[in-house]
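Notes follow once the structure below has been shown.
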Amino acid sequence: MNRILQVFCAFFSGLILSVAIPNEIFSLGSPVAGLISLIPLYIAISYAKSYRDAFFLNGIQALTVHLFSSFWLANFRDFAIFTLGASALGTAFIAAVFGCVLYIPFTWRNTLWKTGTEKAWALPVRIIWFALSWTSWEWVKSSGFLGYPWGTLSMSAYSFKPIIQITDITGVYGISFLFAFFAAVCAEGLLLTDMLAHTVKSPVLFTGYRNTAACLCMLFSISFLYGVYQFYRRRIPEKFLNTILVQQNLDPWASEDDNEAIEVSESLSESRITDFLRAGMKPDLVLWSEAVLRYPFPAAEDHYSLYPEKEPLVSFINRLHVPFIIGAPYTFNRKKHLYGNAAVLFDENGKYRGAFNKIHLVPFAEAIPGTEYEWVLKFMDSIVGFSSGWKAGEQYVLFDVPAHKNPDAQEPLVNIISLENDDSPVPQTMVRISTPICFEDAFPSVCRGLFFSGSEVFINLTDDSWSLTKSAEYQHFVIAALRAVEYRTTLVRSTNSGYSVVVDPAGKILADLPLFQKTSMAYAVPVYKRNVTVYARFGNWLPYTALLLLFSCLLSVEIINRKRYC
């Protein structure tokens, strides 16, 4: 295969994966495209003549995926130079480095072919190596301060509901491994067919391929059967949280104050609270999206006692007598201009009770490294006219909100009778909720910390209105929905313009709102018994195992080669 064809294969692989990920045509993505997306890349790398070739081929593939699937990052105003430009180059470079890792077993193959010493283990090792390397690459690109969990194989799998159920064991990296494994087996099958057509016969290779394909079928079968069981099993909620989700669909960058956003949100909230009351149900919680309010708390409580003039926010909440959670700034240190991106809680009387501050900030947009240096401040000012960002939160903060017990729920095996003094004449049913903000719901590390802090429901507040594309909204959703499956908990997303949705622990959509519309909904959110899944307990054990296996394989082959030539 000549170099031009190799480059085309890498580009084509990136194009297929871009189609597999939720996009403007396939709103929730295409699992079929995801399964086959890496076949051209595998073939291209198998014909590479050097590590340099593999470096550029994988870099081209990753750059194609990033630009075609995350093009909407260019809409992030002046920060597009970082959100799209810098992220594209960074992603392509890291992918290029992993291209060299992907190429390692093909150097062994070329050596073995030249010496006529092809072994039974060679072909299976190439396939497994590719799947493990790809899993490791997606983990590396999705982790840490610069992590970007978009453009991954797992994003293509949401519609394949039985398969995504394995994430409660493996995390999303189990999907990445399975899909990469499938692509590698298919690609090696095509390469083997080409070899046979050119009268190169190798019973050893055929036996290795047959056994590896059988292993793939077994893994898929086990995963599918487990997924069918988990997807269709009956789960009985312990409680219900009667919730109003408000989607005001206003561009926060287009107005000088937040009065219009508050007034629109108040109107949408009251109409849905009325729906609950007409149905004889008491509303428990109202959710407004990220960054609706402009003035920082706690001091802003006085401001919102007076504004908007039509009906001040505090008075509005007190009149409706329902707790609210709203996205707003939070003051850490006013003198040092340290503010957080927060979700603030108002009780049913309209009193501010506390806030959760976003922990994982958007690099170079919300968090700017090196701002303690004068030259960094000047550089950022010259590029985007902005040189400060949010301060990251340092605590896992959860909110206890009154809810309703499900009368059909099974009674617990243990009942504790306490003499604790309670002012309420009737014992209340409480729900402990966490509020990951914006793309924090894409990071299992953040959600894991919230889960083990006691969260029973993930409630995500997001503002993706700036993206102006439905693909951005759905991409964010499918990544977030996998958190519900990983931790077997309900996920609620209350967003500015979409995708506002309620998802159950199996990843099923229970209720949703249309994109880019001023609307709201009232829904009794089911709350299930907390169960610590394998993934919750052990975290990203699969990527760590993949790296360990890659190192062990590399060491073993090196030892074998040394013995052969000694």
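Following the order of the structure tokens, first chain is A, next is B, and so on, with residues numbered from 1 inside each chain and ligands from 1 in the order they appear.
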Contacts of A:Cys447 at 9 Å (only C-alpha atoms; same-chain gap of 4+ positions) as an MDAnalysis selection string: chainID A and resid 434 436 440:443 451:452 458 483 487
Members of stretch 152-345 of chain A assigned helix (DSSP H, G or I) by DSSP, as an MDAnalysis selection string: chainID A and resid 153:156 161:164 167:170 172:197 203:232 252:254 259:278 300:303 313:320
Distance criterion (only C-alpha atoms): nearest to A:Ser255 out of A:Lys518, A:Arg353, A:Arg294, A:His476: A:Arg294
Contacts of A:Ala62 within 8 Å, only C-alpha atoms, excl. fewer than 6 positions in-chain, as a PyMOL selection string: chain A and resi 14+91-92+95
Just to be explicit: take each residue in the selection above, keep all heavy atoms, and write the result as an mmCIF file, in the first residue's frame.
```cif
data_model
loop_
_atom_site.group_PDB
_atom_site.id
_atom_site.type_symbol
_atom_site.label_atom_id
_atom_site.label_comp_id
_atom_site.auth_asym_id
_atom_site.auth_seq_id
_atom_site.Cartn_x
_atom_site.Cartn_y
_atom_site.Cartn_z
ATOM 1 N N GLY A 14 -11.086 8.301 10.465
ATOM 2 C CA GLY A 14 -11.557 9.430 11.259
ATOM 3 C C GLY A 14 -12.927 9.906 10.840
ATOM 4 O O GLY A 14 -13.761 10.279 11.672
ATOM 5 N N THR A 91 -4.737 17.053 20.842
ATOM 6 C CA THR A 91 -5.290 15.712 20.656
ATOM 7 C C THR A 91 -4.544 14.964 19.565
ATOM 8 O O THR A 91 -4.215 13.778 19.719
ATOM 9 C CB THR A 91 -6.785 15.800 20.298
ATOM 10 O OG1 THR A 91 -7.490 16.424 21.366
ATOM 11 C CG2 THR A 91 -7.374 14.425 20.047
ATOM 12 N N ALA A 92 -4.264 15.643 18.458
ATOM 13 C CA ALA A 92 -3.564 14.995 17.342
ATOM 14 C C ALA A 92 -2.161 14.561 17.750
ATOM 15 O O ALA A 92 -1.699 13.479 17.368
ATOM 16 C CB ALA A 92 -3.499 15.949 16.151
ATOM 17 N N ALA A 95 -2.345 11.529 20.089
ATOM 18 C CA ALA A 95 -2.725 10.380 19.271
ATOM 19 C C ALA A 95 -1.553 9.902 18.432
ATOM 20 O O ALA A 95 -1.347 8.692 18.262
ATOM 21 C CB ALA A 95 -3.896 10.750 18.369
#
```
Test item: residues at most 10 Å from A:Tyr229, only C-alpha atoms, excluding those fewer than 6 positions along its chain, as a ChimeraX atom specification: /A:162,165,223
A:Ala214 environment, 12 Å, only C-alpha atoms, sequence neighbours closer than 4 positions dropped, as a ChimeraX atom specification: /A:124,181-182,185,207-210,218-221
Close residues, A:Thr135 itself excluded, 12 Å, only C-alpha atoms, min 3 positions apart in chain, as a ChimeraX atom specification: /A:95,98,101-102,128-132,138-142,152-154,170-181,540-547,549-550
How would the residues just chosen look if you wrote them out with N, CA, C and O atoms as a short mmCIF file (atom, residue, chain, number, x, y, z; two decimals), in the first residue's frame?
```cif
data_model
loop_
_atom_site.label_atom_id
_atom_site.label_comp_id
_atom_site.auth_asym_id
_atom_site.auth_seq_id
_atom_site.Cartn_x
_atom_site.Cartn_y
_atom_site.Cartn_z
N ALA A 95 -2.34 11.53 20.09
CA ALA A 95 -2.73 10.38 19.27
C ALA A 95 -1.55 9.90 18.43
O ALA A 95 -1.35 8.69 18.26
N PHE A 98 0.67 7.74 20.39
CA PHE A 98 0.09 6.41 20.54
C PHE A 98 0.11 5.64 19.22
O PHE A 98 0.03 4.41 19.22
N VAL A 101 2.92 3.45 19.45
CA VAL A 101 2.61 2.30 20.30
C VAL A 101 1.82 1.26 19.50
O VAL A 101 2.10 0.05 19.57
N LEU A 102 0.84 1.72 18.73
CA LEU A 102 0.05 0.80 17.90
C LEU A 102 0.92 0.04 16.91
O LEU A 102 0.63 -1.11 16.56
N ILE A 128 -4.86 -8.05 19.97
CA ILE A 128 -5.07 -7.66 21.37
C ILE A 128 -4.28 -6.40 21.69
O ILE A 128 -4.76 -5.51 22.41
N TRP A 129 -3.08 -6.31 21.16
CA TRP A 129 -2.25 -5.13 21.37
C TRP A 129 -2.96 -3.87 20.87
O TRP A 129 -2.98 -2.83 21.54
N PHE A 130 -3.55 -3.97 19.70
CA PHE A 130 -4.26 -2.82 19.13
C PHE A 130 -5.42 -2.40 20.03
O PHE A 130 -5.60 -1.20 20.31
N ALA A 131 -6.21 -3.38 20.48
CA ALA A 131 -7.37 -3.07 21.33
C ALA A 131 -6.94 -2.46 22.66
O ALA A 131 -7.54 -1.49 23.14
N LEU A 132 -5.89 -3.02 23.26
CA LEU A 132 -5.41 -2.50 24.54
C LEU A 132 -4.81 -1.10 24.37
O LEU A 132 -5.01 -0.23 25.22
N GLU A 138 -7.60 6.28 24.61
CA GLU A 138 -8.83 6.99 24.93
C GLU A 138 -8.88 7.39 26.41
O GLU A 138 -9.43 8.44 26.75
N TRP A 139 -8.29 6.55 27.26
CA TRP A 139 -8.23 6.90 28.68
C TRP A 139 -7.32 8.10 28.90
O TRP A 139 -7.67 9.03 29.64
N VAL A 140 -6.16 8.11 28.28
CA VAL A 140 -5.21 9.22 28.44
C VAL A 140 -5.82 10.52 27.94
O VAL A 140 -5.74 11.57 28.60
N LYS A 141 -6.48 10.50 26.77
CA LYS A 141 -7.04 11.73 26.22
C LYS A 141 -8.24 12.23 27.02
O LYS A 141 -8.62 13.41 26.91
N SER A 142 -8.83 11.37 27.83
CA SER A 142 -10.04 11.73 28.57
C SER A 142 -9.78 12.10 30.02
O SER A 142 -10.72 12.40 30.75
N THR A 152 -14.61 9.65 21.24
CA THR A 152 -14.24 8.29 21.63
C THR A 152 -15.21 7.25 21.06
O THR A 152 -16.35 7.57 20.72
N LEU A 153 -14.75 6.01 21.02
CA LEU A 153 -15.60 4.92 20.52
C LEU A 153 -16.84 4.74 21.38
O LEU A 153 -17.92 4.42 20.88
N SER A 154 -16.70 4.94 22.69
CA SER A 154 -17.85 4.73 23.59
C SER A 154 -18.99 5.68 23.27
O SER A 154 -20.16 5.35 23.52
N THR A 170 -16.73 -2.11 33.73
CA THR A 170 -15.47 -1.69 33.08
C THR A 170 -15.35 -0.19 32.89
O THR A 170 -14.28 0.29 32.51
N GLY A 171 -16.42 0.57 33.13
CA GLY A 171 -16.43 1.96 32.70
C GLY A 171 -16.57 2.02 31.18
O GLY A 171 -16.74 0.98 30.51
N VAL A 172 -16.50 3.19 30.62
CA VAL A 172 -16.66 3.34 29.17
C VAL A 172 -15.54 2.65 28.40
O VAL A 172 -15.68 2.36 27.20
N TYR A 173 -14.44 2.34 29.08
CA TYR A 173 -13.29 1.76 28.39
C TYR A 173 -13.52 0.30 28.01
O TYR A 173 -12.83 -0.23 27.15
N GLY A 174 -14.50 -0.33 28.62
CA GLY A 174 -14.89 -1.67 28.17
C GLY A 174 -15.49 -1.63 26.78
O GLY A 174 -15.25 -2.52 25.96
N ILE A 175 -16.28 -0.58 26.51
CA ILE A 175 -16.85 -0.40 25.17
C ILE A 175 -15.73 -0.13 24.17
O ILE A 175 -15.70 -0.70 23.07
N SER A 176 -14.81 0.75 24.54
CA SER A 176 -13.68 1.07 23.65
C SER A 176 -12.90 -0.19 23.31
O SER A 176 -12.53 -0.40 22.14
N PHE A 177 -12.64 -1.02 24.30
CA PHE A 177 -11.88 -2.25 24.07
C PHE A 177 -12.62 -3.19 23.13
O PHE A 177 -12.05 -3.72 22.17
N LEU A 178 -13.91 -3.40 23.39
CA LEU A 178 -14.70 -4.32 22.55
C LEU A 178 -14.76 -3.85 21.11
O LEU A 178 -14.58 -4.63 20.17
N PHE A 179 -15.02 -2.55 20.92
CA PHE A 179 -15.14 -2.02 19.56
C PHE A 179 -13.79 -2.06 18.82
O PHE A 179 -13.73 -2.38 17.63
N ALA A 180 -12.71 -1.72 19.53
CA ALA A 180 -11.38 -1.77 18.91
C ALA A 180 -10.99 -3.21 18.61
O ALA A 180 -10.36 -3.50 17.57
N PHE A 181 -11.34 -4.12 19.48
CA PHE A 181 -11.08 -5.55 19.29
C PHE A 181 -11.80 -6.04 18.03
O PHE A 181 -11.23 -6.73 17.18
N ASN A 540 -11.05 3.08 37.24
CA ASN A 540 -10.54 2.75 35.90
C ASN A 540 -9.52 1.60 35.95
O ASN A 540 -8.38 1.73 35.50
N TRP A 541 -9.98 0.48 36.44
CA TRP A 541 -9.09 -0.68 36.53
C TRP A 541 -8.72 -1.21 35.15
O TRP A 541 -7.61 -1.74 34.97
N LEU A 542 -9.62 -1.07 34.17
CA LEU A 542 -9.35 -1.63 32.84
C LEU A 542 -8.20 -0.91 32.13
O LEU A 542 -7.29 -1.57 31.61
N PRO A 543 -8.18 0.43 32.07
CA PRO A 543 -7.02 1.09 31.43
C PRO A 543 -5.70 0.78 32.13
O PRO A 543 -4.67 0.60 31.46
N TYR A 544 -5.73 0.70 33.46
CA TYR A 544 -4.49 0.35 34.18
C TYR A 544 -4.05 -1.07 33.82
O TYR A 544 -2.86 -1.33 33.62
N THR A 545 -5.02 -1.97 33.74
CA THR A 545 -4.70 -3.34 33.35
C THR A 545 -4.17 -3.39 31.93
O THR A 545 -3.24 -4.15 31.62
N ALA A 546 -4.77 -2.57 31.04
CA ALA A 546 -4.31 -2.53 29.65
C ALA A 546 -2.85 -2.10 29.57
O ALA A 546 -2.05 -2.70 28.86
N LEU A 547 -2.50 -1.06 30.32
CA LEU A 547 -1.10 -0.60 30.32
C LEU A 547 -0.16 -1.66 30.87
O LEU A 547 0.94 -1.87 30.36
N LEU A 549 -0.63 -4.93 30.79
CA LEU A 549 -0.52 -6.01 29.81
C LEU A 549 0.38 -5.60 28.64
O LEU A 549 1.15 -6.42 28.13
N LEU A 550 0.26 -4.35 28.21
CA LEU A 550 1.11 -3.87 27.12
C LEU A 550 2.58 -3.94 27.52
O LEU A 550 3.43 -4.39 26.74
#
```
Give me the residues of stretch 145-256 of chain A that have any atom at most 6 Å from an atom of stretch 28-39 of chain A; for each, the nearest atom pair and the distance in Å, rounded to one decimal. Use only C-alpha atoms, sort by chain and number, and format it as JSON lines.
```
{"residue": "A:Ser156", "atom": "CA", "partner": "A:Pro31", "partner_atom": "CA", "distance": 5.1}
{"residue": "A:Ala157", "atom": "CA", "partner": "A:Pro31", "partner_atom": "CA", "distance": 4.8}
{"residue": "A:Phe179", "atom": "CA", "partner": "A:Leu35", "partner_atom": "CA", "distance": 5.1}
{"residue": "A:Ala183", "atom": "CA", "partner": "A:Ile39", "partner_atom": "CA", "distance": 5.0}
{"residue": "A:Ala187", "atom": "CA", "partner": "A:Ile39", "partner_atom": "CA", "distance": 5.2}
```
Shell of 12 Å around A:Ile94, only C-alpha atoms, local chain residues under 4 positions omitted, as a PyMOL selection string: chain A and resi 55-56+58-63+87-90+98-101+134+136-142+146-148
Based on the selection just made, write C-alpha atoms of those residues as a compact mmCIF listing (two decimals), in the first residue's frame.
```
# COMPACT_ATOMS: atom_id res chain seq x y z
CA PHE A 55 3.01 8.66 14.13
CA PHE A 56 1.50 10.75 11.33
CA ASN A 58 -2.74 8.11 13.88
CA GLY A 59 -2.34 11.87 14.25
CA ILE A 60 -4.28 12.40 11.01
CA GLN A 61 -7.05 10.07 12.18
CA ALA A 62 -7.43 11.83 15.53
CA LEU A 63 -7.31 15.31 13.98
CA SER A 87 -7.41 21.09 21.60
CA ALA A 88 -7.21 19.79 18.02
CA LEU A 89 -3.42 20.09 17.90
CA GLY A 90 -3.01 18.64 21.39
CA PHE A 98 0.09 6.41 20.54
CA GLY A 99 0.38 5.67 16.82
CA CYS A 100 3.94 4.57 17.54
CA VAL A 101 2.61 2.30 20.30
CA TRP A 134 -6.58 2.08 21.75
CA SER A 136 -5.20 3.25 26.81
CA TRP A 137 -5.18 6.13 24.31
CA GLU A 138 -8.83 6.99 24.93
CA TRP A 139 -8.23 6.90 28.68
CA VAL A 140 -5.21 9.22 28.44
CA LYS A 141 -7.04 11.73 26.22
CA SER A 142 -10.04 11.73 28.57
CA LEU A 146 -6.54 18.74 29.82
CA GLY A 147 -8.80 15.71 29.46
CA TYR A 148 -11.30 15.77 26.58
```
